[in-house]
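As stored in model.cif (mmCIF, N, CA and C atoms):
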data_my_file
#
loop_
_atom_site.label_atom_id
_atom_site.label_comp_id
_atom_site.auth_asym_id
_atom_site.auth_seq_id
_atom_site.Cartn_x
_atom_site.Cartn_y
_atom_site.Cartn_z
N LYS A 1 103.53 71.37 -44.65
CA LYS A 1 103.01 70.59 -45.76
C LYS A 1 103.84 69.33 -45.93
N ASN A 2 103.17 68.22 -45.92
CA ASN A 2 103.82 66.93 -46.10
C ASN A 2 103.16 66.17 -47.23
N THR A 3 103.95 65.46 -47.98
CA THR A 3 103.43 64.59 -49.03
C THR A 3 103.79 63.16 -48.65
N PHE A 4 102.81 62.27 -48.72
CA PHE A 4 103.08 60.87 -48.42
C PHE A 4 102.14 60.00 -49.22
N SER A 5 102.50 58.75 -49.33
CA SER A 5 101.64 57.80 -50.03
C SER A 5 101.34 56.64 -49.09
N PHE A 6 100.21 55.97 -49.35
CA PHE A 6 99.82 54.83 -48.53
C PHE A 6 98.84 53.96 -49.31
N ARG A 7 98.69 52.75 -48.84
CA ARG A 7 97.70 51.83 -49.40
C ARG A 7 96.45 51.92 -48.54
N PRO A 8 95.31 52.26 -49.15
CA PRO A 8 94.07 52.41 -48.38
C PRO A 8 93.66 51.11 -47.67
N ASN A 9 93.05 51.29 -46.51
CA ASN A 9 92.47 50.18 -45.73
C ASN A 9 93.47 49.11 -45.33
N LYS A 10 94.74 49.50 -45.14
CA LYS A 10 95.78 48.57 -44.71
C LYS A 10 96.33 48.94 -43.33
N GLY A 11 95.71 49.93 -42.67
CA GLY A 11 96.16 50.33 -41.34
C GLY A 11 97.42 51.18 -41.36
N GLN A 12 97.76 51.76 -42.50
CA GLN A 12 98.98 52.56 -42.60
C GLN A 12 98.78 54.01 -42.17
N VAL A 13 97.52 54.46 -42.12
CA VAL A 13 97.19 55.83 -41.73
C VAL A 13 96.02 55.79 -40.74
N ILE A 14 95.69 56.92 -40.18
CA ILE A 14 94.56 56.95 -39.27
C ILE A 14 93.27 56.61 -40.01
N LYS A 15 92.32 56.07 -39.28
CA LYS A 15 91.06 55.62 -39.86
C LYS A 15 90.33 56.75 -40.62
N ALA A 16 90.41 57.96 -40.11
CA ALA A 16 89.75 59.10 -40.77
C ALA A 16 90.31 59.33 -42.17
N PHE A 17 91.62 59.14 -42.37
CA PHE A 17 92.21 59.29 -43.70
C PHE A 17 91.67 58.22 -44.64
N ASP A 18 91.65 56.98 -44.19
CA ASP A 18 91.12 55.90 -45.03
C ASP A 18 89.69 56.21 -45.48
N LEU A 19 88.86 56.66 -44.56
CA LEU A 19 87.47 56.95 -44.89
C LEU A 19 87.33 58.14 -45.83
N ALA A 20 88.03 59.21 -45.55
CA ALA A 20 87.88 60.43 -46.36
C ALA A 20 88.52 60.31 -47.74
N ILE A 21 89.74 59.81 -47.80
CA ILE A 21 90.47 59.73 -49.07
C ILE A 21 89.72 58.85 -50.06
N GLY A 22 89.06 57.81 -49.56
CA GLY A 22 88.31 56.91 -50.42
C GLY A 22 87.15 57.56 -51.14
N THR A 23 86.72 58.73 -50.67
CA THR A 23 85.60 59.43 -51.30
C THR A 23 86.05 60.60 -52.17
N MET A 24 87.35 60.88 -52.19
CA MET A 24 87.86 62.06 -52.89
C MET A 24 88.24 61.77 -54.34
N GLN A 25 88.27 62.84 -55.13
CA GLN A 25 88.75 62.78 -56.50
C GLN A 25 90.10 63.50 -56.57
N VAL A 26 90.93 63.11 -57.53
CA VAL A 26 92.25 63.73 -57.69
C VAL A 26 92.07 65.24 -57.85
N GLY A 27 92.88 65.99 -57.10
CA GLY A 27 92.84 67.45 -57.13
C GLY A 27 91.93 68.06 -56.08
N GLN A 28 91.10 67.26 -55.47
CA GLN A 28 90.16 67.75 -54.47
C GLN A 28 90.87 67.94 -53.13
N THR A 29 90.47 68.98 -52.41
CA THR A 29 90.98 69.26 -51.07
C THR A 29 89.82 69.16 -50.10
N CYS A 30 90.08 68.56 -48.94
CA CYS A 30 89.04 68.49 -47.92
C CYS A 30 89.66 68.72 -46.55
N SER A 31 88.82 69.15 -45.63
CA SER A 31 89.22 69.31 -44.24
C SER A 31 88.72 68.10 -43.49
N ILE A 32 89.60 67.44 -42.77
CA ILE A 32 89.25 66.24 -42.01
C ILE A 32 89.35 66.58 -40.52
N LEU A 33 88.24 66.44 -39.83
CA LEU A 33 88.20 66.63 -38.38
C LEU A 33 87.92 65.26 -37.79
N ALA A 34 88.87 64.72 -37.04
CA ALA A 34 88.78 63.34 -36.56
C ALA A 34 88.82 63.25 -35.04
N ARG A 35 87.79 62.59 -34.49
CA ARG A 35 87.81 62.30 -33.06
C ARG A 35 88.95 61.33 -32.79
N CYS A 36 89.28 61.17 -31.53
CA CYS A 36 90.41 60.31 -31.16
C CYS A 36 90.24 58.87 -31.65
N ASP A 37 89.00 58.35 -31.70
CA ASP A 37 88.80 56.97 -32.13
C ASP A 37 88.96 56.80 -33.64
N TYR A 38 89.06 57.89 -34.38
CA TYR A 38 89.34 57.86 -35.82
C TYR A 38 90.72 58.44 -36.11
N ALA A 39 91.47 58.74 -35.03
CA ALA A 39 92.80 59.34 -35.19
C ALA A 39 93.83 58.50 -34.43
N TYR A 40 94.39 59.04 -33.35
CA TYR A 40 95.50 58.38 -32.67
C TYR A 40 95.13 57.71 -31.35
N GLY A 41 93.86 57.78 -30.96
CA GLY A 41 93.35 57.04 -29.82
C GLY A 41 93.98 57.36 -28.49
N SER A 42 94.04 56.35 -27.64
CA SER A 42 94.53 56.52 -26.27
C SER A 42 96.05 56.65 -26.20
N LYS A 43 96.75 56.29 -27.26
CA LYS A 43 98.22 56.37 -27.27
C LYS A 43 98.73 57.72 -27.75
N GLY A 44 97.93 58.42 -28.54
CA GLY A 44 98.41 59.66 -29.12
C GLY A 44 99.49 59.36 -30.16
N LEU A 45 100.28 60.36 -30.49
CA LEU A 45 101.36 60.20 -31.46
C LEU A 45 102.63 60.82 -30.90
N ARG A 46 103.68 60.03 -30.90
CA ARG A 46 105.00 60.49 -30.45
C ARG A 46 105.99 60.34 -31.59
N MET A 47 106.88 61.28 -31.71
CA MET A 47 107.97 61.21 -32.69
C MET A 47 109.26 61.55 -31.97
N ASN A 48 110.21 60.65 -32.02
CA ASN A 48 111.49 60.83 -31.33
C ASN A 48 111.30 61.11 -29.84
N GLY A 49 110.33 60.42 -29.23
CA GLY A 49 110.07 60.57 -27.81
C GLY A 49 109.28 61.80 -27.44
N LYS A 50 108.93 62.63 -28.41
CA LYS A 50 108.23 63.88 -28.16
C LYS A 50 106.75 63.70 -28.51
N VAL A 51 105.85 64.20 -27.65
CA VAL A 51 104.41 64.11 -27.91
C VAL A 51 104.05 65.10 -29.02
N VAL A 52 103.54 64.57 -30.13
CA VAL A 52 103.10 65.40 -31.25
C VAL A 52 101.58 65.58 -31.18
N VAL A 53 100.88 64.49 -30.86
CA VAL A 53 99.43 64.52 -30.65
C VAL A 53 99.17 63.82 -29.32
N PRO A 54 98.58 64.53 -28.36
CA PRO A 54 98.34 63.91 -27.06
C PRO A 54 97.27 62.82 -27.13
N PRO A 55 97.25 61.92 -26.16
CA PRO A 55 96.21 60.89 -26.11
C PRO A 55 94.81 61.51 -26.11
N TYR A 56 93.88 60.84 -26.77
CA TYR A 56 92.47 61.23 -26.84
C TYR A 56 92.22 62.58 -27.51
N ALA A 57 93.15 63.03 -28.33
CA ALA A 57 93.00 64.33 -29.00
C ALA A 57 92.15 64.21 -30.26
N THR A 58 91.38 65.26 -30.52
CA THR A 58 90.71 65.42 -31.80
C THR A 58 91.70 66.17 -32.69
N VAL A 59 91.85 65.72 -33.93
CA VAL A 59 92.81 66.35 -34.84
C VAL A 59 92.10 66.85 -36.09
N GLN A 60 92.71 67.86 -36.70
CA GLN A 60 92.17 68.40 -37.95
C GLN A 60 93.29 68.48 -38.98
N TYR A 61 92.99 68.03 -40.18
CA TYR A 61 93.94 68.08 -41.29
C TYR A 61 93.26 68.66 -42.51
N GLU A 62 94.01 69.34 -43.33
CA GLU A 62 93.56 69.73 -44.65
C GLU A 62 94.35 68.88 -45.63
N VAL A 63 93.65 68.13 -46.45
CA VAL A 63 94.27 67.13 -47.31
C VAL A 63 93.89 67.37 -48.75
N THR A 64 94.89 67.28 -49.64
CA THR A 64 94.64 67.33 -51.08
C THR A 64 95.10 66.01 -51.68
N LEU A 65 94.20 65.40 -52.45
CA LEU A 65 94.53 64.15 -53.12
C LEU A 65 95.26 64.48 -54.42
N ILE A 66 96.53 64.10 -54.51
CA ILE A 66 97.37 64.46 -55.64
C ILE A 66 97.32 63.42 -56.73
N GLU A 67 97.33 62.14 -56.37
CA GLU A 67 97.46 61.09 -57.37
C GLU A 67 96.89 59.78 -56.84
N VAL A 68 96.34 58.98 -57.73
CA VAL A 68 95.91 57.61 -57.40
C VAL A 68 96.62 56.68 -58.35
N LYS A 69 97.28 55.67 -57.80
CA LYS A 69 98.00 54.71 -58.65
C LYS A 69 97.29 53.38 -58.62
#
For the file at hand, write its structure as structure tokens.
Amino acid sequence: KNTFSFRPNKGQVIKAFDLAIGTMQVGQTCSILARCDYAYGSKGLRMNGKVVVPPYATVQYEVTLIEVK
């Protein structure tokens, strides 16, 4: 479980988050299933040199909207 904040439609998160979060209400939970073109694309995601999400992967997240500022 991770908590983070971001500014919508500024390229700070994957495209699927921008699209889904914009339709949610505070307290709502949704499951996001994102194709690679709405997630990490051809580069995938690496952290500290380690592959976390491989290139062209479909990813799934369960997200709860906690707060809107």
Item to check | Selection dump of the PyMOL selection byres ((chain A and resi 40) around 8), as a PyMOL selection string | outcome: chain A and resi 14-16+34-39+41-45+53-59
Next on the checklist: Please list as number ranges by chain every residue within 7 Å of Glu62 (chain A), counting all atoms listed in the file and excluding residues in the same chain fewer than 5 positions away.
Outcome noted: A: 29-32
Next on the checklist: Would you compute the distance between CA of Tyr61 (chain A) and CA of Ser5 (chain A)? Give it in Å to one decimal.
Outcome noted: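 The value is 15.5 Å.
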Checklist entry - Please, which residues of chain A, numbered as in this document, come out alpha helix (DSSP H) from DSSP, as a PyMOL selection string? => result chain A and resi 15-21
Checklist entry - What separation in Å, quoted to one decimal, exists between CA of Ile66 (chain A) and atom C of Lys10 (chain A)? => result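 So the two atoms, CA of Ile66 (chain A) and atom C of Lys10 (chain A), lie 19.8 Å apart.
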Please return, as a compact mmCIF listing (two decimals) with N, CA and C atoms, in the coordinates of the input, all residues of chain A that DSSP assigns to strand (DSSP E or B) on the basis of the backbone.
# COMPACT_ATOMS: atom_id res chain seq x y z
N THR A 29 90.47 68.98 -52.41
CA THR A 29 90.98 69.26 -51.07
C THR A 29 89.82 69.16 -50.10
N CYS A 30 90.08 68.56 -48.94
CA CYS A 30 89.04 68.49 -47.92
C CYS A 30 89.66 68.72 -46.55
N SER A 31 88.82 69.15 -45.63
CA SER A 31 89.22 69.31 -44.24
C SER A 31 88.72 68.10 -43.49
N ILE A 32 89.60 67.44 -42.77
CA ILE A 32 89.25 66.24 -42.01
C ILE A 32 89.35 66.58 -40.52
N LEU A 33 88.24 66.44 -39.83
CA LEU A 33 88.20 66.63 -38.38
C LEU A 33 87.92 65.26 -37.79
N ALA A 34 88.87 64.72 -37.04
CA ALA A 34 88.78 63.34 -36.56
C ALA A 34 88.82 63.25 -35.04
N LEU A 45 100.28 60.36 -30.49
CA LEU A 45 101.36 60.20 -31.46
C LEU A 45 102.63 60.82 -30.90
N ARG A 46 103.68 60.03 -30.90
CA ARG A 46 105.00 60.49 -30.45
C ARG A 46 105.99 60.34 -31.59
N MET A 47 106.88 61.28 -31.71
CA MET A 47 107.97 61.21 -32.69
C MET A 47 109.26 61.55 -31.97
N LYS A 50 108.93 62.63 -28.41
CA LYS A 50 108.23 63.88 -28.16
C LYS A 50 106.75 63.70 -28.51
N VAL A 51 105.85 64.20 -27.65
CA VAL A 51 104.41 64.11 -27.91
C VAL A 51 104.05 65.10 -29.02
N VAL A 52 103.54 64.57 -30.13
CA VAL A 52 103.10 65.40 -31.25
C VAL A 52 101.58 65.58 -31.18
N VAL A 53 100.88 64.49 -30.86
CA VAL A 53 99.43 64.52 -30.65
C VAL A 53 99.17 63.82 -29.32
N VAL A 59 91.85 65.72 -33.93
CA VAL A 59 92.81 66.35 -34.84
C VAL A 59 92.10 66.85 -36.09
N GLN A 60 92.71 67.86 -36.70
CA GLN A 60 92.17 68.40 -37.95
C GLN A 60 93.29 68.48 -38.98
N TYR A 61 92.99 68.03 -40.18
CA TYR A 61 93.94 68.08 -41.29
C TYR A 61 93.26 68.66 -42.51
N GLU A 62 94.01 69.34 -43.33
CA GLU A 62 93.56 69.73 -44.65
C GLU A 62 94.35 68.88 -45.63
N VAL A 63 93.65 68.13 -46.45
CA VAL A 63 94.27 67.13 -47.31
C VAL A 63 93.89 67.37 -48.75
N THR A 64 94.89 67.28 -49.64
CA THR A 64 94.64 67.33 -51.08
C THR A 64 95.10 66.01 -51.68
Edge lengths and centre in Å, axis-aligned, region 10-29 of chain A plus 8 Å each side, as JSON:
{"center_x": 92.3, "center_y": 58.9, "center_z": -48.6, "size_x": 29.4, "size_y": 36.7, "size_z": 34.6}
Item to check | d(atom C of Pro8 (chain A), CA of Val26 (chain A)) in Å | outcome: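 About the pair atom C of Pro8 (chain A) and CA of Val26 (chain A): they are 16.2 Å apart.
Nearest-residue note for Leu33 (chain A): choosing from A:Gln12, A:Ala20, A:Val68, A:Arg46, the minimum distance belongs to A:Ala20, counting only C-alpha atoms.
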Select region 51-62 of chain A in the preceding structure and write all heavy atoms to a file as a JSON list (two decimals), in the first residue's frame.
[["chain", "number", "residue", "atom", "x", "y", "z"],
["A", 51, "VAL", "N", 14.14, -4.07, -12.67],
["A", 51, "VAL", "CA", 12.89, -4.02, -13.43],
["A", 51, "VAL", "C", 11.72, -4.30, -12.48],
["A", 51, "VAL", "O", 11.64, -5.35, -11.86],
["A", 51, "VAL", "CB", 12.89, -5.05, -14.58],
["A", 51, "VAL", "CG1", 11.54, -5.07, -15.27],
["A", 51, "VAL", "CG2", 13.99, -4.74, -15.57],
["A", 52, "VAL", "N", 10.83, -3.32, -12.36],
["A", 52, "VAL", "CA", 9.63, -3.46, -11.52],
["A", 52, "VAL", "C", 8.45, -3.83, -12.41],
["A", 52, "VAL", "O", 7.65, -4.69, -12.05],
["A", 52, "VAL", "CB", 9.35, -2.15, -10.75],
["A", 52, "VAL", "CG1", 8.08, -2.26, -9.94],
["A", 52, "VAL", "CG2", 10.52, -1.78, -9.87],
["A", 53, "VAL", "N", 8.35, -3.17, -13.56],
["A", 53, "VAL", "CA", 7.32, -3.48, -14.57],
["A", 53, "VAL", "C", 8.06, -3.64, -15.90],
["A", 53, "VAL", "O", 8.72, -2.71, -16.36],
["A", 53, "VAL", "CB", 6.27, -2.35, -14.68],
["A", 53, "VAL", "CG1", 5.26, -2.68, -15.77],
["A", 53, "VAL", "CG2", 5.59, -2.11, -13.35],
["A", 54, "PRO", "N", 7.96, -4.82, -16.51],
["A", 54, "PRO", "CA", 8.67, -5.03, -17.77],
["A", 54, "PRO", "C", 8.07, -4.21, -18.91],
["A", 54, "PRO", "O", 6.91, -3.80, -18.84],
["A", 54, "PRO", "CB", 8.52, -6.53, -18.03],
["A", 54, "PRO", "CG", 7.46, -7.01, -17.14],
["A", 54, "PRO", "CD", 7.28, -6.01, -16.04],
["A", 55, "PRO", "N", 8.84, -3.98, -19.97],
["A", 55, "PRO", "CA", 8.31, -3.27, -21.13],
["A", 55, "PRO", "C", 7.06, -3.95, -21.68],
["A", 55, "PRO", "O", 6.94, -5.18, -21.65],
["A", 55, "PRO", "CB", 9.45, -3.36, -22.15],
["A", 55, "PRO", "CG", 10.68, -3.55, -21.32],
["A", 55, "PRO", "CD", 10.24, -4.36, -20.14],
["A", 56, "TYR", "N", 6.13, -3.15, -22.17],
["A", 56, "TYR", "CA", 4.88, -3.60, -22.80],
["A", 56, "TYR", "C", 3.96, -4.40, -21.87],
["A", 56, "TYR", "O", 3.10, -5.13, -22.33],
["A", 56, "TYR", "CB", 5.18, -4.43, -24.07],
["A", 56, "TYR", "CG", 5.95, -3.65, -25.09],
["A", 56, "TYR", "CD1", 7.30, -3.91, -25.30],
["A", 56, "TYR", "CD2", 5.36, -2.63, -25.81],
["A", 56, "TYR", "CE1", 8.03, -3.18, -26.24],
["A", 56, "TYR", "CE2", 6.07, -1.89, -26.75],
["A", 56, "TYR", "CZ", 7.42, -2.18, -26.95],
["A", 56, "TYR", "OH", 8.14, -1.45, -27.87],
["A", 57, "ALA", "N", 4.11, -4.23, -20.58],
["A", 57, "ALA", "CA", 3.29, -4.97, -19.62],
["A", 57, "ALA", "C", 1.93, -4.29, -19.41],
["A", 57, "ALA", "O", 1.81, -3.08, -19.44],
["A", 57, "ALA", "CB", 4.00, -5.06, -18.28],
["A", 58, "THR", "N", 0.91, -5.11, -19.21],
["A", 58, "THR", "CA", -0.38, -4.64, -18.74],
["A", 58, "THR", "C", -0.30, -4.67, -17.22],
["A", 58, "THR", "O", 0.19, -5.64, -16.64],
["A", 58, "THR", "CB", -1.51, -5.57, -19.24],
["A", 58, "THR", "OG1", -1.55, -5.48, -20.67],
["A", 58, "THR", "CG2", -2.86, -5.16, -18.68],
["A", 59, "VAL", "N", -0.77, -3.61, -16.57],
["A", 59, "VAL", "CA", -0.69, -3.53, -15.11],
["A", 59, "VAL", "C", -2.09, -3.36, -14.52],
["A", 59, "VAL", "O", -3.01, -2.87, -15.17],
["A", 59, "VAL", "CB", 0.21, -2.37, -14.64],
["A", 59, "VAL", "CG1", 1.65, -2.61, -15.05],
["A", 59, "VAL", "CG2", -0.27, -1.04, -15.17],
["A", 60, "GLN", "N", -2.22, -3.80, -13.27],
["A", 60, "GLN", "CA", -3.49, -3.64, -12.57],
["A", 60, "GLN", "C", -3.22, -3.03, -11.20],
["A", 60, "GLN", "O", -2.30, -3.46, -10.49],
["A", 60, "GLN", "CB", -4.20, -4.98, -12.41],
["A", 60, "GLN", "CG", -5.54, -4.84, -11.74],
["A", 60, "GLN", "CD", -6.33, -6.13, -11.75],
["A", 60, "GLN", "OE1", -5.84, -7.19, -12.15],
["A", 60, "GLN", "NE2", -7.56, -6.08, -11.30],
["A", 61, "TYR", "N", -4.02, -2.04, -10.85],
["A", 61, "TYR", "CA", -3.91, -1.37, -9.56],
["A", 61, "TYR", "C", -5.29, -1.28, -8.93],
["A", 61, "TYR", "O", -6.28, -1.13, -9.64],
["A", 61, "TYR", "CB", -3.38, 0.06, -9.71],
["A", 61, "TYR", "CG", -1.95, 0.16, -10.17],
["A", 61, "TYR", "CD1", -1.64, 0.35, -11.51],
["A", 61, "TYR", "CD2", -0.91, 0.06, -9.25],
["A", 61, "TYR", "CE1", -0.32, 0.46, -11.92],
["A", 61, "TYR", "CE2", 0.42, 0.16, -9.66],
["A", 61, "TYR", "CZ", 0.69, 0.36, -11.00],
["A", 61, "TYR", "OH", 2.00, 0.46, -11.41],
["A", 62, "GLU", "N", -5.34, -1.33, -7.62],
["A", 62, "GLU", "CA", -6.55, -0.99, -6.89],
["A", 62, "GLU", "C", -6.26, 0.34, -6.21],
["A", 62, "GLU", "O", -5.28, 0.46, -5.47],
["A", 62, "GLU", "CB", -6.89, -2.06, -5.86],
["A", 62, "GLU", "CG", -8.24, -1.79, -5.23],
["A", 62, "GLU", "CD", -8.81, -3.01, -4.54],
["A", 62, "GLU", "OE1", -8.89, -4.07, -5.19],
["A", 62, "GLU", "OE2", -9.16, -2.88, -3.36]]
